[in-house]
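Trainee: Just one file: run.pdb, with PDB, C-alpha atoms.
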```pdb
ATOM      1  CA  MET I   1      12.774  18.472 -10.276
ATOM      2  CA  SER I   2      13.594  18.513  -6.581
ATOM      3  CA  PRO I   3      10.604  19.059  -4.287
ATOM      4  CA  LYS I   4      10.226  22.252  -2.284
ATOM      5  CA  ARG I   5       8.991  22.262   1.273
ATOM      6  CA  ASN I   6       5.692  24.017   2.045
ATOM      7  CA  GLN I   7       4.353  23.139  -1.382
ATOM      8  CA  THR I   8       0.785  21.952  -1.421
ATOM      9  CA  LEU I   9       0.087  18.541  -2.922
ATOM     10  CA  GLY I  10      -1.742  20.233  -5.796
ATOM     11  CA  GLU I  11       1.226  22.494  -6.555
ATOM     12  CA  PHE I  12       3.625  19.565  -6.366
ATOM     13  CA  ILE I  13       1.550  17.480  -8.782
ATOM     14  CA  ILE I  14       1.412  20.306 -11.338
ATOM     15  CA  GLU I  15       5.111  21.188 -11.004
ATOM     16  CA  ASN I  16       6.238  17.577 -11.400
ATOM     17  CA  GLN I  17       3.744  16.509 -14.051
ATOM     18  CA  ASP I  18       6.345  16.583 -16.849
ATOM     19  CA  SER I  19       8.558  14.064 -15.032
ATOM     20  CA  PHE I  20       5.833  11.456 -15.529
ATOM     21  CA  GLN I  21       6.155   9.660 -18.858
ATOM     22  CA  TYR I  22       2.430   9.961 -19.627
ATOM     23  CA  SER I  23       2.075  13.676 -18.850
ATOM     24  CA  SER I  24      -1.453  14.106 -20.178
ATOM     25  CA  GLY I  25      -2.824  15.470 -16.927
ATOM     26  CA  GLU I  26      -5.005  12.420 -16.334
ATOM     27  CA  LEU I  27      -2.755  10.955 -13.668
ATOM     28  CA  SER I  28      -2.651  14.314 -11.907
ATOM     29  CA  LYS I  29      -6.448  14.374 -11.827
ATOM     30  CA  LEU I  30      -6.442  10.811 -10.515
ATOM     31  CA  ILE I  31      -4.072  11.625  -7.631
ATOM     32  CA  ASN I  32      -6.246  14.645  -6.859
ATOM     33  CA  ALA I  33      -9.344  12.427  -6.730
ATOM     34  CA  ILE I  34      -7.595  10.111  -4.251
ATOM     35  CA  ARG I  35      -6.595  13.153  -2.212
ATOM     36  CA  LEU I  36     -10.214  14.313  -2.054
ATOM     37  CA  ALA I  37     -11.563  10.893  -1.036
ATOM     38  CA  ALA I  38      -8.825  10.562   1.595
ATOM     39  CA  LYS I  39      -9.903  13.853   3.181
ATOM     40  CA  VAL I  40     -13.513  12.633   3.390
ATOM     41  CA  VAL I  41     -12.466   9.285   4.916
ATOM     42  CA  ASN I  42     -10.091  11.051   7.312
ATOM     43  CA  HIS I  43     -12.989  13.176   8.529
ATOM     44  CA  GLU I  44     -14.979  10.051   9.393
ATOM     45  CA  VAL I  45     -12.026   8.220  10.944
ATOM     46  CA  SER I  46     -11.375  11.211  13.208
ATOM     47  CA  LYS I  47     -14.995  11.039  14.425
ATOM     48  CA  ALA I  48     -14.865   7.313  15.234
ATOM     49  CA  GLY I  49     -16.358   6.879  18.681
ATOM     50  CA  LEU I  50     -18.510  10.002  18.362
ATOM     51  CA  ILE I  51     -20.820   8.642  15.669
ATOM     52  CA  ASP I  52     -22.152   5.209  14.820
ATOM     53  CA  ILE I  53     -19.251   4.241  12.609
ATOM     54  CA  LEU I  54     -17.492   1.724  14.853
ATOM     55  CA  GLY I  55     -17.894  -2.032  14.851
ATOM     56  CA  GLY I  56     -18.823  -4.643  12.295
ATOM     57  CA  VAL I  57     -21.759  -4.855   9.925
ATOM     58  CA  GLY I  58     -22.288  -8.588  10.418
ATOM     59  CA  GLU I  59     -21.024  -9.449   6.939
ATOM     60  CA  THR I  60     -17.784 -10.746   5.457
ATOM     61  CA  ASN I  61     -15.969  -9.591   2.326
ATOM     62  CA  ILE I  62     -14.654 -11.733  -0.521
ATOM     63  CA  GLN I  63     -11.565 -12.407   1.627
ATOM     64  CA  GLY I  64     -13.716 -14.042   4.312
ATOM     65  CA  GLU I  65     -12.929 -11.194   6.709
ATOM     66  CA  ASP I  66     -15.465  -9.442   8.914
ATOM     67  CA  GLN I  67     -16.397  -6.101   7.395
ATOM     68  CA  GLN I  68     -16.315  -3.009   9.575
ATOM     69  CA  LYS I  69     -18.635  -0.052   9.057
ATOM     70  CA  LEU I  70     -15.682   2.135   8.179
ATOM     71  CA  ASP I  71     -14.502  -0.455   5.632
ATOM     72  CA  LEU I  72     -17.732  -0.005   3.704
ATOM     73  CA  PHE I  73     -17.770   3.775   4.149
ATOM     74  CA  ALA I  74     -14.204   4.136   2.844
ATOM     75  CA  ASN I  75     -14.897   1.734  -0.018
ATOM     76  CA  GLU I  76     -17.978   3.668  -1.097
ATOM     77  CA  LYS I  77     -16.245   7.049  -0.862
ATOM     78  CA  PHE I  78     -13.206   6.088  -2.925
ATOM     79  CA  ILE I  79     -15.282   4.351  -5.603
ATOM     80  CA  GLN I  80     -17.803   7.202  -5.725
ATOM     81  CA  THR I  81     -15.101   9.882  -5.956
ATOM     82  CA  LEU I  82     -13.185   8.081  -8.704
ATOM     83  CA  LYS I  83     -16.381   7.438 -10.667
ATOM     84  CA  ASN I  84     -17.569  11.029 -10.358
ATOM     85  CA  ARG I  85     -14.295  12.434 -11.666
ATOM     86  CA  GLU I  86     -14.607  10.235 -14.786
ATOM     87  CA  ILE I  87     -10.863   9.632 -15.034
ATOM     88  CA  VAL I  88     -10.618   5.855 -14.611
ATOM     89  CA  CYS I  89     -11.994   3.051 -16.739
ATOM     90  CA  GLY I  90     -11.990   0.455 -13.957
ATOM     91  CA  ILE I  91     -11.636  -0.033 -10.209
ATOM     92  CA  ALA I  92     -10.829  -3.128  -8.167
ATOM     93  CA  SER I  93     -11.254  -3.025  -4.408
ATOM     94  CA  GLU I  94     -10.323  -5.464  -1.702
ATOM     95  CA  GLU I  95     -13.928  -5.135  -0.485
ATOM     96  CA  GLU I  96     -15.553  -6.056  -3.831
ATOM     97  CA  ASP I  97     -16.011  -9.546  -5.256
ATOM     98  CA  SER I  98     -14.931  -8.469  -8.762
ATOM     99  CA  TYR I  99     -13.687  -5.396 -10.576
ATOM    100  CA  ILE I 100     -15.918  -2.480 -11.562
ATOM    101  CA  SER I 101     -15.981  -1.364 -15.207
ATOM    102  CA  ILE I 102     -16.644   2.347 -15.643
ATOM    103  CA  ASN I 103     -18.080   3.859 -18.813
ATOM    104  CA  SER I 104     -17.561   7.617 -18.861
ATOM    105  CA  ASN I 105     -20.696   9.538 -19.819
ATOM    106  CA  ASP I 106     -18.905  11.546 -22.493
ATOM    107  CA  ASP I 107     -16.237   9.423 -24.083
ATOM    108  CA  ASN I 108     -17.300   5.759 -24.027
ATOM    109  CA  HIS I 109     -14.477   3.990 -22.181
ATOM    110  CA  GLN I 110     -11.813   6.454 -23.332
ATOM    111  CA  ASN I 111     -10.071   6.664 -19.947
ATOM    112  CA  LYS I 112      -6.725   4.904 -19.687
ATOM    113  CA  TYR I 113      -6.161   4.066 -16.012
ATOM    114  CA  VAL I 114      -7.321   1.392 -13.608
ATOM    115  CA  VAL I 115      -7.070   1.704  -9.832
ATOM    116  CA  LEU I 116      -6.700  -1.114  -7.318
ATOM    117  CA  ILE I 117      -7.387  -0.124  -3.745
ATOM    118  CA  ASP I 118      -7.480  -1.328  -0.167
ATOM    119  CA  PRO I 119      -9.865   1.349   1.144
ATOM    120  CA  LEU I 120      -9.148   0.861   4.852
ATOM    121  CA  ASP I 121      -6.116  -1.218   5.723
ATOM    122  CA  GLY I 122      -5.982  -2.317   9.361
ATOM    123  CA  SER I 123      -9.645  -1.509   9.983
ATOM    124  CA  SER I 124      -9.858  -4.069  12.802
ATOM    125  CA  ASN I 125      -7.791  -1.528  14.790
ATOM    126  CA  ILE I 126     -10.411   1.221  14.455
ATOM    127  CA  ASP I 127     -12.301   0.231  17.613
ATOM    128  CA  VAL I 128      -9.133   0.650  19.699
ATOM    129  CA  ASN I 129      -8.018   3.969  18.136
ATOM    130  CA  VAL I 130      -4.924   2.622  16.378
ATOM    131  CA  SER I 131      -3.715   4.082  13.069
ATOM    132  CA  VAL I 132      -5.271   2.747   9.875
ATOM    133  CA  GLY I 133      -4.707   3.608   6.231
ATOM    134  CA  THR I 134      -5.639   3.432   2.564
ATOM    135  CA  ILE I 135      -3.412   1.768  -0.060
ATOM    136  CA  PHE I 136      -3.736   2.420  -3.806
ATOM    137  CA  SER I 137      -2.120   1.184  -7.004
ATOM    138  CA  ILE I 138      -2.510   2.645 -10.503
ATOM    139  CA  TYR I 139      -1.905   1.000 -13.901
ATOM    140  CA  ARG I 140      -2.458   1.961 -17.507
ATOM    141  CA  ARG I 141      -4.996  -0.351 -19.079
ATOM    142  CA  ILE I 142      -3.651  -2.873 -21.598
ATOM    143  CA  THR I 143      -6.887  -3.645 -23.461
ATOM    144  CA  PRO I 144      -7.888  -1.276 -26.304
ATOM    145  CA  VAL I 145      -9.133   2.174 -25.313
ATOM    146  CA  GLY I 146     -12.821   2.518 -26.175
ATOM    147  CA  THR I 147     -13.729  -0.959 -24.940
ATOM    148  CA  PRO I 148     -14.808  -2.061 -21.448
ATOM    149  CA  VAL I 149     -11.964  -3.146 -19.176
ATOM    150  CA  THR I 150     -11.378  -6.851 -18.630
ATOM    151  CA  MET I 151      -9.657  -8.882 -15.931
ATOM    152  CA  GLU I 152      -6.463  -8.644 -17.990
ATOM    153  CA  ASP I 153      -6.192  -4.937 -17.138
ATOM    154  CA  PHE I 154      -6.014  -5.723 -13.428
ATOM    155  CA  LEU I 155      -3.837  -8.845 -13.484
ATOM    156  CA  GLN I 156      -0.649  -6.987 -14.340
ATOM    157  CA  PRO I 157       2.650  -7.535 -12.498
ATOM    158  CA  GLY I 158       3.666  -4.787 -10.106
ATOM    159  CA  ASN I 159       6.532  -3.707 -12.362
ATOM    160  CA  GLN I 160       3.867  -2.202 -14.655
ATOM    161  CA  GLN I 161       2.523   0.192 -12.011
ATOM    162  CA  VAL I 162       2.602   3.865 -12.970
ATOM    163  CA  ALA I 163       1.848   5.134  -9.466
ATOM    164  CA  ALA I 164       1.189   3.815  -5.987
ATOM    165  CA  GLY I 165       0.801   5.175  -2.507
ATOM    166  CA  TYR I 166      -0.958   5.145   0.804
ATOM    167  CA  VAL I 167      -2.720   7.427   3.241
ATOM    168  CA  VAL I 168      -2.071   6.927   6.939
ATOM    169  CA  TYR I 169      -4.748   8.224   9.291
ATOM    170  CA  GLY I 170      -2.766   8.659  12.500
ATOM    171  CA  THR I 171      -1.694  11.392  14.911
ATOM    172  CA  SER I 172      -1.411  13.350  11.692
ATOM    173  CA  THR I 173      -2.823  12.332   8.324
ATOM    174  CA  MET I 174      -0.274  11.777   5.568
ATOM    175  CA  LEU I 175      -0.486  10.904   1.892
ATOM    176  CA  VAL I 176       2.669   9.211   0.579
ATOM    177  CA  TYR I 177       3.038   8.312  -3.100
ATOM    178  CA  THR I 178       5.361   7.637  -6.014
ATOM    179  CA  THR I 179       5.093   7.843  -9.787
ATOM    180  CA  GLY I 180       8.432   6.091 -10.242
ATOM    181  CA  ASP I 181      10.506   9.186  -9.485
ATOM    182  CA  GLY I 182      11.109   8.835  -5.747
ATOM    183  CA  VAL I 183       8.725   8.915  -2.785
ATOM    184  CA  ASN I 184       7.249  12.045  -1.247
ATOM    185  CA  GLY I 185       4.999  12.500   1.779
ATOM    186  CA  PHE I 186       2.360  15.166   2.348
ATOM    187  CA  THR I 187       0.775  16.003   5.713
ATOM    188  CA  LEU I 188      -2.794  17.263   6.016
ATOM    189  CA  ASN I 189      -3.330  20.611   7.713
ATOM    190  CA  PRO I 190      -6.802  19.914   9.143
ATOM    191  CA  ALA I 191      -7.544  23.598   9.703
ATOM    192  CA  LEU I 192      -7.145  24.342   5.996
ATOM    193  CA  GLY I 193      -7.978  20.925   4.556
ATOM    194  CA  THR I 194      -4.769  21.051   2.512
ATOM    195  CA  PHE I 195      -1.932  18.538   2.167
ATOM    196  CA  TYR I 196       1.555  20.086   2.370
ATOM    197  CA  LEU I 197       4.871  18.526   1.367
ATOM    198  CA  SER I 198       6.401  17.503   4.695
ATOM    199  CA  HIS I 199       8.622  14.523   3.833
ATOM    200  CA  PRO I 200      10.450  15.078   0.509
ATOM    201  CA  ASN I 201      12.500  12.261  -1.041
ATOM    202  CA  MET I 202      11.670   9.640   1.575
ATOM    203  CA  LYS I 203      14.221   6.809   1.880
ATOM    204  CA  PHE I 204      14.574   3.647   3.917
ATOM    205  CA  PRO I 205      17.808   3.693   5.913
ATOM    206  CA  GLU I 206      20.052   1.038   4.338
ATOM    207  CA  ASN I 207      19.941  -0.900   7.603
ATOM    208  CA  GLY I 208      17.627  -0.794  10.605
ATOM    209  CA  ARG I 209      16.978  -2.171  14.062
ATOM    210  CA  ILE I 210      13.223  -2.863  13.961
ATOM    211  CA  TYR I 211      11.553  -6.102  12.883
ATOM    212  CA  SER I 212       7.783  -6.222  12.449
ATOM    213  CA  VAL I 213       6.038  -9.587  12.454
ATOM    214  CA  ASN I 214       3.160 -11.231  14.291
ATOM    215  CA  GLU I 215       5.265 -13.419  16.564
ATOM    216  CA  GLY I 216       2.115 -15.101  17.861
ATOM    217  CA  ASN I 217       2.249 -17.129  14.637
ATOM    218  CA  TYR I 218       5.908 -18.094  15.169
ATOM    219  CA  VAL I 219       5.199 -21.799  15.664
ATOM    220  CA  HIS I 220       3.549 -21.941  12.223
ATOM    221  CA  PHE I 221       6.363 -20.171  10.319
ATOM    222  CA  HIS I 222       8.769 -21.987   8.041
ATOM    223  CA  GLN I 223      12.207 -22.632   9.482
ATOM    224  CA  GLY I 224      14.069 -19.922   7.543
ATOM    225  CA  VAL I 225      11.809 -17.216   8.989
ATOM    226  CA  LYS I 226      12.133 -18.694  12.484
ATOM    227  CA  ASP I 227      15.919 -18.634  12.185
ATOM    228  CA  TYR I 228      15.886 -14.998  11.061
ATOM    229  CA  ILE I 229      13.683 -13.986  14.004
ATOM    230  CA  LYS I 230      16.120 -15.722  16.367
ATOM    231  CA  TYR I 231      18.939 -13.838  14.644
ATOM    232  CA  CYS I 232      17.081 -10.551  15.310
ATOM    233  CA  GLN I 233      16.796 -11.476  19.004
ATOM    234  CA  MET I 234      20.437 -12.475  19.562
ATOM    235  CA  GLU I 235      22.641 -10.280  21.752
ATOM    236  CA  GLU I 236      25.405  -9.724  19.232
ATOM    237  CA  ASP I 237      26.825  -6.710  17.350
ATOM    238  CA  ASP I 238      23.970  -4.168  17.112
ATOM    239  CA  ARG I 239      21.372  -6.720  18.153
ATOM    240  CA  PRO I 240      18.929  -7.578  19.636
ATOM    241  CA  TYR I 241      16.653  -5.637  17.352
ATOM    242  CA  THR I 242      13.439  -4.045  18.571
ATOM    243  CA  SER I 243      10.158  -5.820  17.845
ATOM    244  CA  ARG I 244       7.392  -3.428  16.725
ATOM    245  CA  TYR I 245       4.159  -4.730  15.198
ATOM    246  CA  ILE I 246       1.011  -2.608  14.932
ATOM    247  CA  GLY I 247      -1.083  -4.863  12.717
ATOM    248  CA  SER I 248      -1.808  -2.106  10.197
ATOM    249  CA  LEU I 249       0.457  -2.618   7.177
ATOM    250  CA  VAL I 250       0.443   1.095   6.342
ATOM    251  CA  SER I 251       1.505   2.071   9.862
ATOM    252  CA  ASP I 252       4.194  -0.602  10.167
ATOM    253  CA  PHE I 253       5.591   0.217   6.713
ATOM    254  CA  HIS I 254       5.532   3.975   7.374
ATOM    255  CA  ARG I 255       7.418   3.659  10.667
ATOM    256  CA  ASN I 256      10.024   1.323   9.192
ATOM    257  CA  MET I 257      10.631   3.573   6.194
ATOM    258  CA  ILE I 258      11.354   6.496   8.499
ATOM    259  CA  LYS I 259      13.295   4.668  11.218
ATOM    260  CA  GLY I 260      14.717   1.647   9.362
ATOM    261  CA  GLY I 261      13.319  -1.849   9.702
ATOM    262  CA  ILE I 262      11.831  -4.911   8.068
ATOM    263  CA  TYR I 263       8.168  -5.938   7.798
ATOM    264  CA  MET I 264       7.319  -9.626   7.457
ATOM    265  CA  TYR I 265       4.089 -11.475   6.754
ATOM    266  CA  PRO I 266       5.349 -14.952   5.797
ATOM    267  CA  LYS I 267       3.440 -17.946   4.604
ATOM    268  CA  SER I 268       2.913 -20.514   7.324
ATOM    269  CA  SER I 269       1.451 -23.922   7.971
ATOM    270  CA  VAL I 270      -1.883 -22.107   8.515
ATOM    271  CA  THR I 271      -1.720 -19.662   5.582
ATOM    272  CA  GLU I 272       0.333 -21.547   2.994
ATOM    273  CA  SER I 273      -0.118 -18.834   0.369
ATOM    274  CA  GLY I 274       0.481 -15.986   2.793
ATOM    275  CA  LYS I 275      -2.203 -13.559   3.936
ATOM    276  CA  LEU I 276      -1.568 -10.191   2.289
ATOM    277  CA  ARG I 277      -3.100  -9.455  -1.112
ATOM    278  CA  LEU I 278      -0.625  -9.118  -3.972
ATOM    279  CA  LEU I 279      -2.597  -6.518  -5.928
ATOM    280  CA  TYR I 280      -3.995  -4.309  -3.171
ATOM    281  CA  GLU I 281      -1.209  -4.403  -0.585
ATOM    282  CA  CYS I 282       2.051  -6.021  -1.669
ATOM    283  CA  ASN I 283       2.552  -4.507  -5.143
ATOM    284  CA  PRO I 284       1.920  -0.872  -4.166
ATOM    285  CA  MET I 285       4.052  -1.193  -1.031
ATOM    286  CA  ALA I 286       6.794  -2.920  -3.036
ATOM    287  CA  PHE I 287       6.807  -0.067  -5.569
ATOM    288  CA  LEU I 288       7.132   2.461  -2.755
ATOM    289  CA  ALA I 289       9.834   0.414  -1.014
ATOM    290  CA  GLU I 290      11.984   0.120  -4.131
ATOM    291  CA  GLN I 291      11.541   3.808  -4.930
ATOM    292  CA  ALA I 292      12.663   4.569  -1.352
ATOM    293  CA  ASN I 293      15.867   2.488  -1.602
ATOM    294  CA  GLY I 294      14.354  -0.559   0.075
ATOM    295  CA  LEU I 295      13.527  -4.076  -1.071
ATOM    296  CA  ALA I 296      10.324  -6.093  -1.252
ATOM    297  CA  VAL I 297      10.288  -9.842  -1.839
ATOM    298  CA  GLY I 298       7.940 -12.784  -1.516
ATOM    299  CA  GLY I 299      10.767 -14.996  -0.312
ATOM    300  CA  ARG I 300      13.411 -15.421  -2.993
ATOM    301  CA  THR I 301      11.300 -13.628  -5.635
ATOM    302  CA  ARG I 302      10.917  -9.897  -6.218
ATOM    303  CA  ILE I 303       7.297  -9.013  -5.394
ATOM    304  CA  MET I 304       6.837  -6.822  -8.466
ATOM    305  CA  ASP I 305       7.901  -9.616 -10.832
ATOM    306  CA  ILE I 306       5.093 -11.950  -9.731
ATOM    307  CA  VAL I 307       2.516 -12.387 -12.514
ATOM    308  CA  PRO I 308      -0.934 -12.344 -10.857
ATOM    309  CA  THR I 309      -3.383 -15.134 -11.618
ATOM    310  CA  GLU I 310      -6.406 -13.903  -9.657
ATOM    311  CA  LEU I 311      -7.789 -10.629  -8.353
ATOM    312  CA  HIS I 312      -7.557 -11.451  -4.648
ATOM    313  CA  GLN I 313      -4.353 -13.487  -4.777
ATOM    314  CA  ARG I 314      -2.364 -13.774  -1.537
ATOM    315  CA  VAL I 315       1.416 -14.001  -1.270
ATOM    316  CA  PRO I 316       4.078 -13.972   1.466
ATOM    317  CA  PHE I 317       5.539 -10.490   1.895
ATOM    318  CA  PHE I 318       8.822  -9.142   3.255
ATOM    319  CA  CYS I 319       9.911  -5.552   2.750
ATOM    320  CA  GLY I 320      12.049  -2.858   4.291
ATOM    321  CA  SER I 321      15.629  -1.727   4.660
ATOM    322  CA  ARG I 322      17.818  -3.278   1.979
ATOM    323  CA  LYS I 323      20.407  -4.979   4.191
ATOM    324  CA  MET I 324      17.758  -6.449   6.496
ATOM    325  CA  VAL I 325      15.835  -7.997   3.601
ATOM    326  CA  GLU I 326      19.047  -9.363   2.110
ATOM    327  CA  LYS I 327      19.973 -10.942   5.460
ATOM    328  CA  LEU I 328      16.513 -12.525   5.689
ATOM    329  CA  GLN I 329      16.983 -13.999   2.218
ATOM    330  CA  GLU I 330      20.238 -15.622   3.348
ATOM    331  CA  PHE I 331      18.258 -17.538   5.978
ATOM    332  CA  LEU I 332      15.506 -18.450   3.508
ATOM    333  CA  ASP I 333      18.057 -19.699   0.987
ATOM    334  CA  LYS I 334      19.323 -22.311   3.440
ATOM    335  CA  TYR I 335      16.060 -24.247   3.040
ATOM    336  CA  HIS I 336      15.831 -24.181  -0.760
TER     337      HIS I 336
END
```
Go ahead and express the file in the form of structure tokens.
Mentor:
Amino acid sequence: MSPKRNQTLGEFIIENQDSFQYSSGELSKLINAIRLAAKVVNHEVSKAGLIDILGGVGETNIQGEDQQKLDLFANEKFIQTLKNREIVCGIASEEEDSYISINSNDDNHQNKYVVLIDPLDGSSNIDVNVSVGTIFSIYRRITPVGTPVTMEDFLQPGNQQVAAGYVVYGTSTMLVYTTGDGVNGFTLNPALGTFYLSHPNMKFPENGRIYSVNEGNYVHFHQGVKDYIKYCQMEEDDRPYTSRYIGSLVSDFHRNMIKGGIYMYPKSSVTESGKLRLLYECNPMAFLAEQANGLAVGGRTRIMDIVPTELHQRVPFFCGSRKMVEKLQEFLDKYH
């Protein structure tokens, strides 16, 4: 069913529920729970600087990264909201050491979905008022219903995702998601507290003129990536391309999907496995990219075909407009 503008997110979910292969209503409730938590987090993000929510807490997460106050706030709100709605059987968060098993009060592990979440992507940008976001990924459990979830439920390849999306807290707050039937974006009307369909059927332009990479790490990149960056900078045909790098994956991805571009976080001599997390960042963004006519690879491999081996696994990540990713792969292939 084609989306209609001015629909609320709630109306859209109900109207399109039958297009989802598991149309039991549970996934709809789950998206609604994420919507609710996003509104609460958005309220706090918008007050950053007015209340004591800025800065670090003096601790590091399982990734070895400094935790920000808003990291913990967002983590608590999403976990609390998902638990309270009693619609998931397990949650894994970038901020938690291990996954959380949830036993519903009424039905003894009868829920069928697990959620993996990066509660506040790009949170190091909070102190300087740069856009941040939330990334989420949803799977159906693979262990028997009625039993506690195990690690096996979370270590699924991205091609098994049933839904994924992100919330970007920027000049306007948007929730963008897919259930495998295209990508749609909803903008929050802060006066009403309601998300409205604002970007139906989002697509990456087939080609683009923006490349997004932390060029400060250039000296540490492998030669294929260096060659591609030089290609982007050459004065030839429609190049040089424009370099745009915010440092918030959600923001960089969102801009490139709308304008056309490629996002790159390669492995390097410093981060040999890459830096971005496969389960919390790369898989959900890859699902969105492919549903929006883009590509997402870890080099020569499709991101969503990687079989995870650990909860906080890191991989190299390249995604964006189809022709740009294919051109990058040509350069990478020269060194294999």
Trainee: Choose the residue, out of I:Tyr265, I:Phe221, I:Tyr166, I:Tyr196, that has the smallest atom-to-atom separation from Met285 of chain I; count only C-alpha atoms.
Mentor: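 Selected residue with least distance to Met285 of chain I: I:Tyr166.
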Trainee: Give me, please, the distance in Å between atom CA of Gly294 of chain I and atom CA of Tyr113 of chain I, quoted to one decimal.
Mentor: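 These atoms are spaced 26.5 Å apart.
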Trainee: For this structure, which residues satisfy the selection - the PyMOL selection byres ((chain I and resi 13) around 12) - when it is evaluated on the file as given? I want them as an MDAnalysis selection string.
Mentor: chainID I and resid 1 3:4 7:12 14:20 23 25:32 35 177:179 184 186 195:197
Trainee: Give me the result of the PyMOL selection byres ((chain I and resi 74) around 9) on this file, residue by residue, as a PyMOL selection string.
Mentor: chain I and resi 37-38+40-41+44+69-73+75-79+119-120+134
Trainee: Go through I:Asp333, I:Glu206, I:Asp121, I:Glu215 one by one, measure the shortest atom-to-atom distance of each to Val167 of chain I using all atoms listed in the file, and give the residue with the smallest value.
Mentor: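 That would be I:Asp121, the residue with the smallest distance to Val167 of chain I.
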Trainee: Fix up segment 168-183 of chain I with N, CA and C atoms, then write it as an mmCIF file, keeping the file's coordinate frame.
Mentor:
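See part-v4.cif below for the written result:
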```cif
data_model
loop_
_atom_site.group_PDB
_atom_site.id
_atom_site.type_symbol
_atom_site.label_atom_id
_atom_site.label_comp_id
_atom_site.auth_asym_id
_atom_site.auth_seq_id
_atom_site.Cartn_x
_atom_site.Cartn_y
_atom_site.Cartn_z
ATOM 1 N N VAL I 168 -2.043 7.419 5.568
ATOM 2 C CA VAL I 168 -2.071 6.927 6.939
ATOM 3 C C VAL I 168 -2.861 7.920 7.778
ATOM 4 N N TYR I 169 -3.899 7.394 8.440
ATOM 5 C CA TYR I 169 -4.748 8.224 9.291
ATOM 6 C C TYR I 169 -4.271 8.017 10.725
ATOM 7 N N GLY I 170 -3.364 8.847 11.182
ATOM 8 C CA GLY I 170 -2.766 8.659 12.500
ATOM 9 C C GLY I 170 -2.812 9.927 13.320
ATOM 10 N N THR I 171 -1.760 10.156 14.116
ATOM 11 C CA THR I 171 -1.694 11.392 14.911
ATOM 12 C C THR I 171 -1.731 12.600 13.976
ATOM 13 N N SER I 172 -1.170 12.425 12.798
ATOM 14 C CA SER I 172 -1.411 13.350 11.692
ATOM 15 C C SER I 172 -1.762 12.493 10.484
ATOM 16 N N THR I 173 -2.426 13.080 9.516
ATOM 17 C CA THR I 173 -2.823 12.332 8.324
ATOM 18 C C THR I 173 -1.840 12.654 7.209
ATOM 19 N N MET I 174 -1.260 11.592 6.630
ATOM 20 C CA MET I 174 -0.274 11.777 5.568
ATOM 21 C C MET I 174 -0.650 11.002 4.323
ATOM 22 N N LEU I 175 -0.375 11.582 3.169
ATOM 23 C CA LEU I 175 -0.486 10.904 1.892
ATOM 24 C C LEU I 175 0.931 10.753 1.341
ATOM 25 N N VAL I 176 1.325 9.517 1.068
ATOM 26 C CA VAL I 176 2.669 9.211 0.579
ATOM 27 C C VAL I 176 2.510 8.502 -0.769
ATOM 28 N N TYR I 177 3.215 8.975 -1.800
ATOM 29 C CA TYR I 177 3.038 8.312 -3.100
ATOM 30 C C TYR I 177 4.277 8.435 -3.972
ATOM 31 N N THR I 178 4.307 7.600 -5.020
ATOM 32 C CA THR I 178 5.361 7.637 -6.014
ATOM 33 C C THR I 178 4.764 7.471 -7.400
ATOM 34 N N THR I 179 5.405 8.099 -8.382
ATOM 35 C CA THR I 179 5.093 7.843 -9.787
ATOM 36 C C THR I 179 6.331 7.271 -10.479
ATOM 37 N N GLY I 180 7.212 6.666 -9.691
ATOM 38 C CA GLY I 180 8.432 6.091 -10.242
ATOM 39 C C GLY I 180 9.592 7.055 -10.252
ATOM 40 N N ASP I 181 9.463 8.166 -9.551
ATOM 41 C CA ASP I 181 10.506 9.186 -9.485
ATOM 42 C C ASP I 181 10.738 9.585 -8.036
ATOM 43 N N GLY I 182 10.923 8.566 -7.168
ATOM 44 C CA GLY I 182 11.109 8.835 -5.747
ATOM 45 C C GLY I 182 9.796 8.830 -4.993
ATOM 46 N N VAL I 183 9.892 8.967 -3.668
ATOM 47 C CA VAL I 183 8.725 8.915 -2.785
ATOM 48 C C VAL I 183 8.645 10.218 -2.001
#
```
